[in-house]
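Participant: Pasting a structure here, questions to come.
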Amino acid sequence: MKIVAIILLLVIVVALGRALLQLVRGGRSTQVVRALTLRVGLSIALFVLLLVAYGMGWIHPNA
């Protein structure tokens, strides 16, 4: 479970970096919007995945 979360976080950072590069290079705005949309979608998916994993008992808080 931890590996999946880490991989998703890395993909989110890569998508954010890709959007930044497109923005700096003066690329088409549709490419920037697509990269940011991918980032937001993956962030939501990670959040839902963490909620489901907590609900199923796969992960536990360190309290």
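Numbering starts fresh at 1 for the residues of each chain in the structure tokens, the chains themselves are lettered A, B, ... in the order given, and ligands are numbered from 1 as they appear.
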Once you count only C-alpha atoms, what closest atom pair and distance in Å to one decimal does each residue of range 12-32 of chain A within 10 Å of range 37-53 of chain A have, with rows by chain and rising residue number, as CSV?

Facilitator:
```
residue,atom,partner,partner_atom,distance
A:Ile12,CA,A:Arg39,CA,5.2
A:Val13,CA,A:Arg39,CA,7.8
A:Val14,CA,A:Arg39,CA,8.6
A:Ala15,CA,A:Arg39,CA,5.7
A:Leu16,CA,A:Arg39,CA,6.4
A:Gly17,CA,A:Arg39,CA,9.9
A:Arg18,CA,A:Arg39,CA,9.9
A:Ala19,CA,A:Arg39,CA,9.2
A:Gln31,CA,A:Thr37,CA,9.8
A:Val32,CA,A:Thr37,CA,8.5
```

Participant: Hey, can you check how far CA of Met1 in chain A sits from CA of Asn62 in chain A?

Facilitator: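 Rounded to one decimal, the two atoms are 15.5 Å apart.
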
Participant: Extract the full set of helix (DSSP H, G or I) residues from chain A according to DSSP on the backbone, and format it as a ChimeraX atom specification.

Facilitator: /A:2-25,29-56

Participant: Do you have the CA of Gly26 in chain A-CA of Leu8 in chain A distance handy?

Facilitator: 27.1 Å
